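This report concerns only the one structure given below.
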2 protein chains.
Amino acid sequence: MNTPVIEFFWDPASPYTWLAATQIGALATRTGATVSWRPFVLGKVFEATGNRAPATVAAKAKYLFKDLGRWAALYNQPLNFPKVFPVNSMTALRMACAANEAGEGGRFALAVMRAYWVDGVDISQPDALVSAMTAAGFDGAALFEASRQQAIKDVLRANTDDAIKRGAFGAPTFFVGSTMFWGNDRLVLLEDALRPAAQG
Amino acid sequence: MNTPVIEFFWDPASPYTWLAATQIGALATRTGATVSWRPFVLGKVFEATGNRAPATVAAKAKYLFKDLGRWAALYNQPLNFPKVFPVNSMTALRMACAANEAGEGGRFALAVMRAYWVDGVDISQPDALVSAMTAAGFDGAALFEASRQQAIKDVLRANTDDAIKRGAFGAPTFFVGSTMFWGNDRLVLLEDALRPAAQG
């Protein structure tokens with residue numbers, strides 16, 4: 001029997017991605033799946049698809065701010081809306097690609113999103129980012145050096161292109177094979193699709 | 001102890017509203033709440049807030065079409081995407097306001113959404129609409145006559161204005177007191193808010 005793989009396309013700039021990231025490990029355990037953490041550039045996805053951040057409608061922005069707090073409470077997870085938002089997450093994403101190469105993609109994803117969405121670290125600033133990742137147990141300086149290599153930049157671009165090509169238009173985006181799910185609020189459907197009966 | 005009231009702002013033009021409508025009765029029973037069915041004009045809400053239908057982004061439209069089928073399957077409810085979409089739901093909404101006056105708002109809401117989202121009735125056409133509602137056990141002709149009265153038109157406009165004023169930007173929209181929830185996918189948060197411990 002094959003172990004199903006959940007590809008998790010994530011960008012730390014997205015609050016719903018942090019919320020989903022707090023749940024995906026337990027979901028994978030419940031369903032016998034593994035998670036493949038794939039950093040991608042949400043801004044490029046918006047550009048390519050003509051989509052836009054939800055907060056561009058004023059009434060929606062006001063609501064979503066409350067909505068985030070409700071999900072955090074439901075999940076019993078911390079979420080402190082950062083002072084710097086939106087944030088340039090390019091360096092963080094490239095470091096995440098380097099962490100992936102080292103087999104630490106999942107732990108890095110959770111740590112960098114926690115730094116931004118819980119501890120309020122301005123992850124657009126290399127010094128703050130490297131410090132936070134070092135404090136979280138990574139070799140922050142080495143990952144930062146790696147993030148400047150063209151090969152790592154190319155991995156991030158390839159991840160982003162792959163997601164767009166397969167239909168992504170926002171974050172978080174999950175794939176199980178060719179089946180796509182978008183949003184923290186679709187974890188229920190993702191889990192439903194991974195139930196043995198649904199796998200035929 | 002007061003019975004909590006769920007105000008359900010609905011427009012039959014919205015597929016996620018149909019999905020939510022299939023669930024709200026059981027949710028109300030589980031939480032000891034009652035449902036106040038409030039027809040409103042989604043197009044006017046979009047106009048007022050600068051929001052737009054989700055299907056205006058091509059990649060999103062393609063995804064949402066599948067997403068609707070997944071929710072229908074999860075709920076074990078029928079949903080057949082109608083040939084006529086989007087649809088002008090003004091007459092249906094006015095008839096719904098007339099049905100509300102007669103104390104049959106909930107039954108009418110479910111029947112008219114079923115006519116459109118299951119049976120494919122073109123509810124923008126008065127003849128088809130009246131026939132479908134008559135077949136569902138209403139006095140379709142009487143509701144249609146009532147729908148042409150200024151007082152009924154005013155009720156619909158007031159509902160729409162009320163929703164916009166209170167922060168609505170899409171459908172379905174629910175209120176419990178001043179607390180707003182948007183979307184079929186937020187029924188989990190609505191139910192969480194109605195749990196006794198949360199009402200403290």
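Every chain in the structure tokens has a letter given in the order shown (A, B, ...), and although residue numbers restart at 1 in each chain, ligands are simply numbered from 1 in the order shown.
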
Got a sec to tell me which of range 49-179 of chain B DSSP assigns to strand (DSSP E), as a list in words? Thr173, Phe174, Phe175, Val176 and Thr179 of chain B

Using only C-alpha atoms, select each residue of chain B with any atom at most 9 Å away from an atom of chain A, and give the selection as an MDAnalysis selection string. chainID B and resid 49:51 56:60 62:63 67 70:71 74 164 167:170 180:182 185:186 189 192

Could you tell me, as a PyMOL selection string, which residues of chain B DSSP assigns to helix (DSSP H, G or I) when given the backbone? chain B and resi 15-31+42-49+54-56+58-75+90-101+105-117+126-135+140-147+150-165+184-194+196-199

Just want the 10 Å neighbourhood of Leu68 in chain B, counted on only C-alpha atoms, with same-chain residues fewer than 6 positions away dropped. Output as a ChimeraX atom specification. /B:15-16,19,74,79-81

Would you put the residues from that selection into a file with N, CA, C and O atoms, as a PDB file, in the first residue's frame?
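Writing the result to selection.pdb gives the following:
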ATOM      1  N   PRO B  15     -24.296  29.350  -4.649  1.00  0.00           N
ATOM      2  CA  PRO B  15     -24.264  27.902  -4.390  1.00  0.00           C
ATOM      3  C   PRO B  15     -23.840  27.541  -2.972  1.00  0.00           C
ATOM      4  O   PRO B  15     -24.349  26.577  -2.385  1.00  0.00           O
ATOM      5  N   TYR B  16     -22.901  28.309  -2.403  1.00  0.00           N
ATOM      6  CA  TYR B  16     -22.481  27.997  -1.028  1.00  0.00           C
ATOM      7  C   TYR B  16     -23.605  28.286  -0.031  1.00  0.00           C
ATOM      8  O   TYR B  16     -23.643  27.697   1.050  1.00  0.00           O
ATOM      9  N   LEU B  19     -25.633  25.120   0.013  1.00  0.00           N
ATOM     10  CA  LEU B  19     -24.951  24.119   0.835  1.00  0.00           C
ATOM     11  C   LEU B  19     -25.156  24.404   2.320  1.00  0.00           C
ATOM     12  O   LEU B  19     -25.484  23.508   3.100  1.00  0.00           O
ATOM     13  N   LEU B  74     -19.699  15.625   0.894  1.00  0.00           N
ATOM     14  CA  LEU B  74     -19.459  15.551   2.333  1.00  0.00           C
ATOM     15  C   LEU B  74     -20.777  15.627   3.105  1.00  0.00           C
ATOM     16  O   LEU B  74     -20.978  14.920   4.093  1.00  0.00           O
ATOM     17  N   LEU B  79     -26.492  18.596  -5.574  1.00  0.00           N
ATOM     18  CA  LEU B  79     -26.174  19.906  -6.151  1.00  0.00           C
ATOM     19  C   LEU B  79     -25.861  19.688  -7.626  1.00  0.00           C
ATOM     20  O   LEU B  79     -24.902  18.987  -7.962  1.00  0.00           O
ATOM     21  N   ASN B  80     -26.693  20.221  -8.472  1.00  0.00           N
ATOM     22  CA  ASN B  80     -26.479  20.127  -9.920  1.00  0.00           C
ATOM     23  C   ASN B  80     -26.287  21.533 -10.467  1.00  0.00           C
ATOM     24  O   ASN B  80     -27.211  22.346 -10.420  1.00  0.00           O
ATOM     25  N   PHE B  81     -25.089  21.816 -10.944  1.00  0.00           N
ATOM     26  CA  PHE B  81     -24.829  23.191 -11.361  1.00  0.00           C
ATOM     27  C   PHE B  81     -25.780  23.575 -12.488  1.00  0.00           C
ATOM     28  O   PHE B  81     -25.849  22.894 -13.511  1.00  0.00           O
TER      29      PHE B  81
END

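Every protein, DNA or RNA residue with an atom at most 9 Å from Thr160 in chain B, where only C-alpha atoms count and chain neighbours fewer than 5 positions away do not, is listed here: B:Phe9, B:Arg38, B:Pro39, B:Phe40, B:Val41, B:Leu42, B:Lys44, B:Val45, B:Val155, B:Lys165.
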
Write a file of the just-selected residues containing C-alpha atoms, as a PDB file, in the first residue's frame.
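File again_28.pdb, as written:
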ATOM      1  CA  PHE B   9     -28.819  36.213   5.069  1.00  0.00           C
ATOM      2  CA  ARG B  38     -33.406  36.922   5.806  1.00  0.00           C
ATOM      3  CA  PRO B  39     -33.441  37.191   2.015  1.00  0.00           C
ATOM      4  CA  PHE B  40     -30.980  39.792   0.679  1.00  0.00           C
ATOM      5  CA  VAL B  41     -29.634  40.873  -2.694  1.00  0.00           C
ATOM      6  CA  LEU B  42     -26.081  39.610  -3.066  1.00  0.00           C
ATOM      7  CA  LYS B  44     -26.180  44.874  -4.156  1.00  0.00           C
ATOM      8  CA  VAL B  45     -23.812  43.718  -1.420  1.00  0.00           C
ATOM      9  CA  VAL B 155     -38.451  44.669   3.123  1.00  0.00           C
ATOM     10  CA  LYS B 165     -24.406  48.223   7.395  1.00  0.00           C
TER      11      LYS B 165
END

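With only C-alpha atoms as the atoms that count, the residue of A:Trp117, A:Pro126, A:Arg94, A:Phe8 with the shortest distance to Gly69 in chain A is A:Trp117.
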
Across A:Phe65, A:Leu27, A:Ile152, A:Ala99, the smallest distance to Gly137 in chain A, with only C-alpha atoms counted, is shown by A:Ala99

If you count only C-alpha atoms, which residues fall within 9 Å of Thr22 in chain B, apart from same-chain ones fewer than 6 positions away, as a PyMOL selection string? chain B and resi 75+77+110

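Distances to Arg114 in chain B were evaluated for B:Thr17, B:Thr3, B:Gln149, B:Thr29 using only C-alpha atoms, and the minimum falls at B:Thr17.
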
What's around range 32-36 of chain B at 12 Å? Count only C-alpha atoms, leave out sequence neighbours fewer than 5 positions away in its own chain, and write the answer as JSON, numbers by chain. {"B": [1, 2, 3, 4, 5, 6, 7, 8, 9, 10, 21, 23, 24, 25, 26, 27, 97, 100, 101, 103, 104, 105, 106, 107, 109, 159, 173, 174, 175, 176, 177, 190, 191, 193, 194, 195, 196]}
